[in-house]
>>> print(open('run.cif').read())   # mmCIF, C-alpha atoms, pLDDT in the B column; chains and numbers go by the auth columns
data_entry
loop_
_atom_site.group_PDB
_atom_site.id
_atom_site.type_symbol
_atom_site.label_atom_id
_atom_site.label_comp_id
_atom_site.label_asym_id
_atom_site.label_seq_id
_atom_site.Cartn_x
_atom_site.Cartn_y
_atom_site.Cartn_z
_atom_site.B_iso_or_equiv
_atom_site.auth_seq_id
_atom_site.auth_asym_id
ATOM 1 C CA MET A 1 -15.844 -26.386 -28.307 43.00 1380 A
ATOM 2 C CA ARG A 2 -16.432 -27.199 -24.620 39.00 1381 A
ATOM 3 C CA LYS A 3 -12.828 -28.371 -24.318 39.00 1382 A
ATOM 4 C CA ILE A 4 -11.583 -25.051 -25.709 34.00 1383 A
ATOM 5 C CA PHE A 5 -13.847 -23.172 -23.257 33.00 1384 A
ATOM 6 C CA VAL A 6 -12.568 -25.151 -20.263 37.00 1385 A
ATOM 7 C CA ILE A 7 -8.931 -24.626 -21.244 34.00 1386 A
ATOM 8 C CA GLY A 8 -9.534 -20.906 -21.763 36.00 1387 A
ATOM 9 C CA ALA A 9 -11.337 -20.586 -18.444 37.00 1388 A
ATOM 10 C CA SER A 10 -8.559 -22.481 -16.700 41.00 1389 A
ATOM 11 C CA VAL A 11 -6.044 -19.967 -18.006 37.00 1390 A
ATOM 12 C CA LEU A 12 -8.308 -17.096 -16.987 39.00 1391 A
ATOM 13 C CA PHE A 13 -8.640 -18.332 -13.401 42.00 1392 A
ATOM 14 C CA SER A 14 -5.013 -19.216 -12.780 45.00 1393 A
ATOM 15 C CA GLY A 15 -2.062 -17.241 -11.454 47.00 1394 A
ATOM 16 C CA ALA A 16 -2.174 -13.469 -11.798 53.00 1395 A
ATOM 17 C CA ALA A 17 -5.413 -13.558 -13.794 55.00 1396 A
ATOM 18 C CA TRP A 18 -7.159 -15.397 -10.954 53.00 1397 A
ATOM 19 C CA SER A 19 -5.898 -12.875 -8.399 56.00 1398 A
ATOM 20 C CA ALA A 20 -6.956 -9.973 -10.630 59.00 1399 A
ATOM 21 C CA THR A 21 -10.422 -11.499 -11.029 60.00 1400 A
ATOM 22 C CA LEU A 22 -10.907 -11.641 -7.267 57.00 1401 A
ATOM 23 C CA SER A 23 -9.546 -8.112 -6.876 56.00 1402 A
ATOM 24 C CA GLN A 24 -11.986 -6.885 -9.531 59.00 1403 A
ATOM 25 C CA ALA A 25 -14.838 -8.421 -7.546 56.00 1404 A
ATOM 26 C CA VAL A 26 -13.733 -6.307 -4.576 54.00 1405 A
ATOM 27 C CA ALA A 27 -13.469 -3.160 -6.698 56.00 1406 A
ATOM 28 C CA GLU A 28 -17.075 -3.348 -7.835 53.00 1407 A
ATOM 29 C CA PRO A 29 -19.347 -1.154 -5.674 50.00 1408 A
ATOM 30 C CA PRO A 30 -21.439 -2.938 -3.048 54.00 1409 A
ATOM 31 C CA SER A 31 -25.202 -2.797 -2.832 49.00 1410 A
ATOM 32 C CA ALA A 32 -26.583 0.507 -1.526 55.00 1411 A
ATOM 33 C CA VAL A 33 -26.674 0.897 2.237 61.00 1412 A
ATOM 34 C CA ALA A 34 -30.051 1.990 3.591 65.00 1413 A
ATOM 35 C CA ALA A 35 -30.092 5.534 4.979 65.00 1414 A
ATOM 36 C CA PRO A 36 -30.790 5.687 8.736 68.00 1415 A
ATOM 37 C CA VAL A 37 -33.895 7.446 10.041 70.00 1416 A
ATOM 38 C CA ASP A 38 -32.009 9.467 12.658 86.00 1417 A
ATOM 39 C CA PRO A 39 -30.939 12.757 10.951 88.00 1418 A
ATOM 40 C CA GLN A 40 -27.580 12.884 12.765 91.00 1419 A
ATOM 41 C CA LEU A 41 -26.782 9.323 11.757 92.00 1420 A
ATOM 42 C CA ALA A 42 -27.874 10.124 8.204 91.00 1421 A
ATOM 43 C CA LEU A 43 -25.426 13.023 8.107 93.00 1422 A
ATOM 44 C CA ALA A 44 -22.692 10.845 9.551 93.00 1423 A
ATOM 45 C CA GLN A 45 -23.302 8.147 6.950 91.00 1424 A
ATOM 46 C CA GLN A 46 -23.050 10.687 4.149 92.00 1425 A
ATOM 47 C CA ILE A 47 -19.682 11.752 5.567 93.00 1426 A
ATOM 48 C CA VAL A 48 -18.424 8.159 5.665 89.00 1427 A
ATOM 49 C CA VAL A 49 -19.380 7.755 2.008 87.00 1428 A
ATOM 50 C CA ALA A 50 -17.973 11.172 1.015 90.00 1429 A
ATOM 51 C CA THR A 51 -14.641 10.443 2.716 88.00 1430 A
ATOM 52 C CA GLY A 52 -14.323 7.121 0.934 82.00 1431 A
ATOM 53 C CA GLY A 53 -14.634 5.412 4.287 74.00 1432 A
ATOM 54 C CA ALA A 54 -14.889 1.967 2.717 72.00 1433 A
ATOM 55 C CA GLY A 55 -11.711 2.521 0.701 70.00 1434 A
ATOM 56 C CA SER A 56 -9.373 1.127 3.354 67.00 1435 A
ATOM 57 C CA LEU A 57 -11.619 -1.907 3.699 71.00 1436 A
ATOM 58 C CA HIS A 58 -11.541 -2.355 -0.087 68.00 1437 A
ATOM 59 C CA ARG A 59 -7.735 -2.252 -0.036 67.00 1438 A
ATOM 60 C CA MET A 60 -7.589 -4.734 2.841 69.00 1439 A
ATOM 61 C CA MET A 61 -9.938 -7.085 1.010 69.00 1440 A
ATOM 62 C CA GLY A 62 -7.742 -6.750 -2.062 67.00 1441 A
ATOM 63 C CA ILE A 63 -4.852 -8.161 -0.001 67.00 1442 A
ATOM 64 C CA VAL A 64 -7.143 -10.961 1.174 69.00 1443 A
ATOM 65 C CA ALA A 65 -8.047 -11.624 -2.467 67.00 1444 A
ATOM 66 C CA ASP A 66 -4.391 -12.125 -3.323 65.00 1445 A
ATOM 67 C CA ALA A 67 -3.979 -14.519 -0.397 65.00 1446 A
ATOM 68 C CA ILE A 68 -7.036 -16.531 -1.455 66.00 1447 A
ATOM 69 C CA ALA A 69 -5.809 -16.618 -5.044 63.00 1448 A
ATOM 70 C CA GLY A 70 -2.485 -17.987 -3.859 62.00 1449 A
ATOM 71 C CA ASN A 71 -4.090 -20.664 -1.687 63.00 1450 A
ATOM 72 C CA LEU A 72 -6.607 -21.753 -4.316 60.00 1451 A
ATOM 73 C CA GLY A 73 -4.309 -21.672 -7.320 57.00 1452 A
ATOM 74 C CA ALA A 74 -4.698 -25.444 -7.761 58.00 1453 A
ATOM 75 C CA LEU A 75 -8.386 -24.908 -8.478 59.00 1454 A
ATOM 76 C CA GLY A 76 -7.459 -23.178 -11.740 53.00 1455 A
ATOM 77 C CA LYS A 77 -8.460 -26.388 -13.519 58.00 1456 A
ATOM 78 C CA ASP A 78 -11.985 -26.078 -12.158 70.00 1457 A
ATOM 79 C CA PRO A 79 -13.452 -22.876 -13.630 74.00 1458 A
ATOM 80 C CA GLU A 80 -16.861 -23.484 -12.079 77.00 1459 A
ATOM 81 C CA MET A 81 -15.312 -23.538 -8.600 73.00 1460 A
ATOM 82 C CA GLN A 82 -13.393 -20.362 -9.411 72.00 1461 A
ATOM 83 C CA ARG A 83 -16.524 -18.576 -10.598 77.00 1462 A
ATOM 84 C CA TYR A 84 -18.334 -19.600 -7.423 78.00 1463 A
ATOM 85 C CA THR A 85 -15.400 -18.367 -5.300 75.00 1464 A
ATOM 86 C CA VAL A 86 -15.449 -14.975 -7.040 75.00 1465 A
ATOM 87 C CA LYS A 87 -19.216 -14.715 -6.498 79.00 1466 A
ATOM 88 C CA LEU A 88 -18.863 -15.701 -2.830 79.00 1467 A
ATOM 89 C CA PHE A 89 -15.994 -13.267 -2.273 77.00 1468 A
ATOM 90 C CA LYS A 90 -18.003 -10.426 -3.816 77.00 1469 A
ATOM 91 C CA GLU A 91 -21.007 -11.217 -1.610 81.00 1470 A
ATOM 92 C CA GLU A 92 -18.896 -11.373 1.549 80.00 1471 A
ATOM 93 C CA THR A 93 -17.106 -8.121 0.704 79.00 1472 A
ATOM 94 C CA ASP A 94 -20.440 -6.380 0.082 80.00 1473 A
ATOM 95 C CA ARG A 95 -21.733 -7.706 3.392 83.00 1474 A
ATOM 96 C CA MET A 96 -18.694 -6.409 5.281 82.00 1475 A
ATOM 97 C CA ILE A 97 -18.861 -2.964 3.676 80.00 1476 A
ATOM 98 C CA SER A 98 -22.631 -2.739 4.218 82.00 1477 A
ATOM 99 C CA ALA A 99 -21.994 -3.386 7.924 85.00 1478 A
ATOM 100 C CA TYR A 100 -18.894 -1.156 8.078 86.00 1479 A
ATOM 101 C CA ILE A 101 -20.483 2.050 6.785 87.00 1480 A
ATOM 102 C CA PRO A 102 -23.305 2.215 9.415 89.00 1481 A
ATOM 103 C CA LYS A 103 -20.842 1.294 12.163 91.00 1482 A
ATOM 104 C CA MET A 104 -18.493 4.115 11.151 90.00 1483 A
ATOM 105 C CA ALA A 105 -21.505 6.452 10.932 92.00 1484 A
ATOM 106 C CA GLU A 106 -22.315 5.641 14.569 94.00 1485 A
ATOM 107 C CA ILE A 107 -18.752 6.525 15.556 95.00 1486 A
ATOM 108 C CA TYR A 108 -18.940 9.856 13.707 95.00 1487 A
ATOM 109 C CA ALA A 109 -22.345 10.634 15.256 94.00 1488 A
ATOM 110 C CA GLU A 110 -21.000 9.891 18.749 95.00 1489 A
ATOM 111 C CA THR A 111 -17.920 12.063 18.164 96.00 1490 A
ATOM 112 C CA PHE A 112 -19.417 15.167 16.516 96.00 1491 A
ATOM 113 C CA ASP A 113 -22.589 17.144 17.115 95.00 1492 A
ATOM 114 C CA GLU A 114 -25.041 17.836 14.301 94.00 1493 A
ATOM 115 C CA GLN A 115 -23.568 21.202 13.291 96.00 1494 A
ATOM 116 C CA GLU A 116 -20.063 19.775 13.205 96.00 1495 A
ATOM 117 C CA LEU A 117 -21.324 16.932 11.033 96.00 1496 A
ATOM 118 C CA ARG A 118 -22.909 19.422 8.642 96.00 1497 A
ATOM 119 C CA ASP A 119 -19.640 21.367 8.460 97.00 1498 A
ATOM 120 C CA LEU A 120 -17.669 18.176 7.822 96.00 1499 A
ATOM 121 C CA LEU A 121 -20.086 17.079 5.122 95.00 1500 A
ATOM 122 C CA ALA A 122 -19.884 20.504 3.460 97.00 1501 A
ATOM 123 C CA PHE A 123 -16.097 20.247 3.392 96.00 1502 A
ATOM 124 C CA TYR A 124 -15.828 16.655 2.182 94.00 1503 A
ATOM 125 C CA THR A 125 -18.380 17.189 -0.579 95.00 1504 A
ATOM 126 C CA SER A 126 -16.584 20.339 -1.758 96.00 1505 A
ATOM 127 C CA PRO A 127 -14.015 20.142 -4.594 96.00 1506 A
ATOM 128 C CA VAL A 128 -11.078 20.545 -2.195 96.00 1507 A
ATOM 129 C CA GLY A 129 -12.550 17.956 0.170 94.00 1508 A
ATOM 130 C CA GLN A 130 -12.943 15.444 -2.629 93.00 1509 A
ATOM 131 C CA ARG A 131 -9.405 16.266 -3.743 95.00 1510 A
ATOM 132 C CA LEU A 132 -8.194 15.397 -0.244 93.00 1511 A
ATOM 133 C CA VAL A 133 -10.119 12.117 -0.298 89.00 1512 A
ATOM 134 C CA GLU A 134 -8.673 11.293 -3.708 89.00 1513 A
ATOM 135 C CA LYS A 135 -5.109 11.998 -2.575 92.00 1514 A
ATOM 136 C CA GLN A 136 -5.371 10.511 0.928 86.00 1515 A
ATOM 137 C CA PRO A 137 -3.990 7.046 0.017 82.00 1516 A
ATOM 138 C CA GLU A 138 -1.027 8.662 -1.745 88.00 1517 A
ATOM 139 C CA LEU A 139 -0.446 10.993 1.225 88.00 1518 A
ATOM 140 C CA SER A 140 -0.549 8.036 3.603 82.00 1519 A
ATOM 141 C CA ARG A 141 1.907 6.033 1.497 83.00 1520 A
ATOM 142 C CA ARG A 142 4.273 8.957 1.216 87.00 1521 A
ATOM 143 C CA GLY A 143 3.963 9.631 4.934 85.00 1522 A
ATOM 144 C CA VAL A 144 4.909 6.042 5.739 78.00 1523 A
ATOM 145 C CA ALA A 145 7.778 6.233 3.245 81.00 1524 A
ATOM 146 C CA ALA A 146 9.014 9.481 4.823 85.00 1525 A
ATOM 147 C CA VAL A 147 9.007 8.186 8.404 81.00 1526 A
ATOM 148 C CA GLN A 148 10.244 4.659 7.640 78.00 1527 A
ATOM 149 C CA PRO A 149 13.955 5.592 7.336 81.00 1528 A
ATOM 150 C CA MET A 150 13.746 7.386 10.703 83.00 1529 A
ATOM 151 C CA ILE A 151 12.406 4.440 12.692 79.00 1530 A
ATOM 152 C CA LEU A 152 15.352 2.030 12.693 77.00 1531 A
ATOM 153 C CA PRO A 153 18.004 4.646 13.633 83.00 1532 A
ATOM 154 C CA MET A 154 15.719 5.845 16.441 83.00 1533 A
ATOM 155 C CA GLN A 155 15.330 2.268 17.697 77.00 1534 A
ATOM 156 C CA VAL A 156 19.103 1.715 17.551 80.00 1535 A
ATOM 157 C CA ASP A 157 19.725 4.915 19.524 83.00 1536 A
ATOM 158 C CA MET A 158 17.096 4.046 22.128 81.00 1537 A
ATOM 159 C CA ILE A 159 18.436 0.495 22.575 79.00 1538 A
ATOM 160 C CA ASP A 160 22.004 1.793 22.953 82.00 1539 A
ATOM 161 C CA LYS A 161 20.977 4.307 25.607 84.00 1540 A
ATOM 162 C CA LEU A 162 18.699 1.850 27.414 81.00 1541 A
ATOM 163 C CA PHE A 163 21.308 -0.906 27.638 80.00 1542 A
ATOM 164 C CA GLU A 164 23.985 1.588 28.646 83.00 1543 A
ATOM 165 C CA HIS A 165 21.724 2.876 31.427 86.00 1544 A
ATOM 166 C CA ILE A 166 20.975 -0.655 32.640 82.00 1545 A
ATOM 167 C CA CYS A 167 24.682 -1.487 32.810 83.00 1546 A
ATOM 168 C CA ALA A 168 25.466 1.792 34.571 85.00 1547 A
ATOM 169 C CA VAL A 169 22.798 1.138 37.214 86.00 1548 A
ATOM 170 C CA ARG A 170 23.655 -2.539 37.680 83.00 1549 A
ATOM 171 C CA GLN A 171 27.398 -2.059 37.225 87.00 1550 A
ATOM 172 C CA CYS A 172 27.643 -4.767 34.569 84.00 1551 A
ATOM 173 C CA THR A 173 30.653 -7.047 34.473 87.00 1552 A
ATOM 174 C CA ALA A 174 32.455 -7.701 31.195 87.00 1553 A
ATOM 175 C CA ASP A 175 30.509 -10.954 30.746 87.00 1554 A
ATOM 176 C CA GLN A 176 27.221 -9.210 31.444 85.00 1555 A
ATOM 177 C CA ARG A 177 28.064 -6.497 28.922 84.00 1556 A
ATOM 178 C CA LYS A 178 28.843 -9.183 26.373 85.00 1557 A
ATOM 179 C CA ALA A 179 25.475 -10.838 27.042 85.00 1558 A
ATOM 180 C CA MET A 180 23.737 -7.458 26.772 81.00 1559 A
ATOM 181 C CA GLU A 181 25.440 -6.789 23.431 84.00 1560 A
ATOM 182 C CA SER A 182 24.221 -10.155 22.148 85.00 1561 A
ATOM 183 C CA ALA A 183 20.675 -9.399 23.307 82.00 1562 A
ATOM 184 C CA LYS A 184 20.885 -5.961 21.707 81.00 1563 A
ATOM 185 C CA LEU A 185 21.919 -7.432 18.357 83.00 1564 A
ATOM 186 C CA GLN A 186 18.997 -9.864 18.492 84.00 1565 A
ATOM 187 C CA LEU A 187 16.614 -6.989 19.181 80.00 1566 A
ATOM 188 C CA LEU A 188 18.020 -4.954 16.310 80.00 1567 A
ATOM 189 C CA GLU A 189 17.611 -7.889 13.920 83.00 1568 A
ATOM 190 C CA ARG A 190 13.990 -8.158 15.016 81.00 1569 A
ATOM 191 C CA PHE A 191 13.496 -4.426 14.458 78.00 1570 A
ATOM 192 C CA LYS A 192 15.006 -4.717 10.971 79.00 1571 A
ATOM 193 C CA ALA A 193 12.634 -7.562 10.107 81.00 1572 A
ATOM 194 C CA GLN A 194 9.661 -5.549 11.386 77.00 1573 A
ATOM 195 C CA ALA A 195 10.763 -2.519 9.357 74.00 1574 A
ATOM 196 C CA ALA A 196 11.056 -4.661 6.222 75.00 1575 A
ATOM 197 C CA ALA A 197 7.583 -6.132 6.827 74.00 1576 A
ATOM 198 C CA THR A 198 6.100 -2.657 7.328 69.00 1577 A
ATOM 199 C CA ALA A 199 7.720 -1.391 4.124 68.00 1578 A
ATOM 200 C CA ALA A 200 6.439 -4.416 2.213 70.00 1579 A
ATOM 201 C CA ALA A 201 2.905 -3.858 3.551 65.00 1580 A
ATOM 202 C CA ALA A 202 3.042 -0.192 2.542 60.00 1581 A
ATOM 203 C CA THR A 203 4.185 -1.184 -0.952 59.00 1582 A
ATOM 204 C CA LYS A 204 1.381 -3.733 -1.133 59.00 1583 A
ATOM 205 C CA GLY A 205 -1.175 -1.091 -0.160 52.00 1584 A
ATOM 206 C CA ALA A 206 0.032 1.116 -2.986 50.00 1585 A
ATOM 207 C CA THR A 207 -0.915 -1.442 -5.630 51.00 1586 A
#
>>> encode(input="run.cif", output="structure tokens")
Amino acid sequence: MRKIFVIGASVLFSGAAWSATLSQAVAEPPSAVAAPVDPQLALAQQIVVATGGAGSLHRMMGIVADAIAGNLGALGKDPEMQRYTVKLFKEETDRMISAYIPKMAEIYAETFDEQELRDLLAFYTSPVGQRLVEKQPELSRRGVAAVQPMILPMQVDMIDKLFEHICAVRQCTADQRKAMESAKLQLLERFKAQAAATAAAATKGAT
């Protein structure tokens, strides 16, 4: 019986299942954050919660969970170690979020006065405000997707104009122009790699 349990647990904590287990630990809500005594900070903290302020941190920690799962895949044969890792990851995520929410509340309280905070809270706790919060990740993803195709052509155009201006000012020789073209191609390859990395990160955030 124990052998069957160990084999089953090893399957559970390996590969995609292991990654999903860590991600689930992140998805579970953290312990409640104590409300501050200062009324303006209390308002600000309610806004952070209402706007899903910890959502981006949850998504970031989900990416970290995948990275940890990949690095610790060999521990799939040790279910006890995997269970401890999930527990530890959950505790650390809770700790980060419990520190993040008050810190963001301080930023809100420093940025807006009390009446503005009340108005913001009224909006974000309204049906349309909660609808905005719900759709914000999708809006962000679609915004990135919309602007992504524009970035590389803009970079190409800017590099062309910049190098042309440099050669016009310095009166480049044929050899210098050739060297500039080589440097330009290297820059464009770097820009393409950065664009691909940005697109991959945006896709990752959508999962």
>>> residues_around(input="run.cif", residues="segment 1515-1531 of chain A", least_positions_apart="2", cutoff="7 Å", atoms="only C-alpha atoms", output="compact mmCIF listing (two decimals) with C-alpha atoms, keeping the file's coordinate frame")
# COMPACT_ATOMS: atom_id res chain seq x y z
CA LEU A 1511 -8.19 15.40 -0.24
CA VAL A 1512 -10.12 12.12 -0.30
CA GLU A 1513 -8.67 11.29 -3.71
CA MET A 1533 15.72 5.84 16.44
CA GLN A 1534 15.33 2.27 17.70
CA VAL A 1535 19.10 1.72 17.55
CA PHE A 1570 13.50 -4.43 14.46
CA LYS A 1571 15.01 -4.72 10.97
CA ALA A 1581 3.04 -0.19 2.54
CA ALA A 1585 0.03 1.12 -2.99
>>> atom_distance(input="run.cif", atom1="atom CA of Ser1505 of chain A", atom2="atom CA of Val1428 of chain A")
13.4 Å
>>> closest_residue(input="run.cif", among="A:Gly1434, A:Asp1473, A:Met1483, A:Gln1494", to="Gln1419 of chain A", atoms="only C-alpha atoms")
A:Gln1494
>>> resolve_selection(input="run.cif", expression="the PyMOL selection byres ((chain A and resi 1481) around 12)", output="JSON, numbers by chain")
{"A": [1411, 1412, 1413, 1414, 1415, 1416, 1417, 1419, 1420, 1421, 1422, 1423, 1424, 1425, 1426, 1427, 1428, 1432, 1433, 1474, 1475, 1476, 1477, 1478, 1479, 1480, 1482, 1483, 1484, 1485, 1486, 1487, 1488]}
>>> write_last_selection(input="run.cif", atoms="C-alpha atoms", output="short mmCIF file (atom, residue, chain, number, x, y, z; two decimals), in the frame of the given file")
data_model
loop_
_atom_site.label_atom_id
_atom_site.label_comp_id
_atom_site.auth_asym_id
_atom_site.auth_seq_id
_atom_site.Cartn_x
_atom_site.Cartn_y
_atom_site.Cartn_z
CA ALA A 1411 -26.58 0.51 -1.53
CA VAL A 1412 -26.67 0.90 2.24
CA ALA A 1413 -30.05 1.99 3.59
CA ALA A 1414 -30.09 5.53 4.98
CA PRO A 1415 -30.79 5.69 8.74
CA VAL A 1416 -33.90 7.45 10.04
CA ASP A 1417 -32.01 9.47 12.66
CA GLN A 1419 -27.58 12.88 12.76
CA LEU A 1420 -26.78 9.32 11.76
CA ALA A 1421 -27.87 10.12 8.20
CA LEU A 1422 -25.43 13.02 8.11
CA ALA A 1423 -22.69 10.84 9.55
CA GLN A 1424 -23.30 8.15 6.95
CA GLN A 1425 -23.05 10.69 4.15
CA ILE A 1426 -19.68 11.75 5.57
CA VAL A 1427 -18.42 8.16 5.66
CA VAL A 1428 -19.38 7.76 2.01
CA GLY A 1432 -14.63 5.41 4.29
CA ALA A 1433 -14.89 1.97 2.72
CA ARG A 1474 -21.73 -7.71 3.39
CA MET A 1475 -18.69 -6.41 5.28
CA ILE A 1476 -18.86 -2.96 3.68
CA SER A 1477 -22.63 -2.74 4.22
CA ALA A 1478 -21.99 -3.39 7.92
CA TYR A 1479 -18.89 -1.16 8.08
CA ILE A 1480 -20.48 2.05 6.78
CA LYS A 1482 -20.84 1.29 12.16
CA MET A 1483 -18.49 4.12 11.15
CA ALA A 1484 -21.50 6.45 10.93
CA GLU A 1485 -22.32 5.64 14.57
CA ILE A 1486 -18.75 6.52 15.56
CA TYR A 1487 -18.94 9.86 13.71
CA ALA A 1488 -22.34 10.63 15.26
#
>>> atom_distance(input="run.cif", atom1="atom CA of Glu1493 of chain A", atom2="atom CA of Pro1418 of chain A")
8.5 Å
>>> atom_distance(input="run.cif", atom1="atom CA of Thr1430 of chain A", atom2="atom CA of Tyr1503 of chain A")
6.3 Å
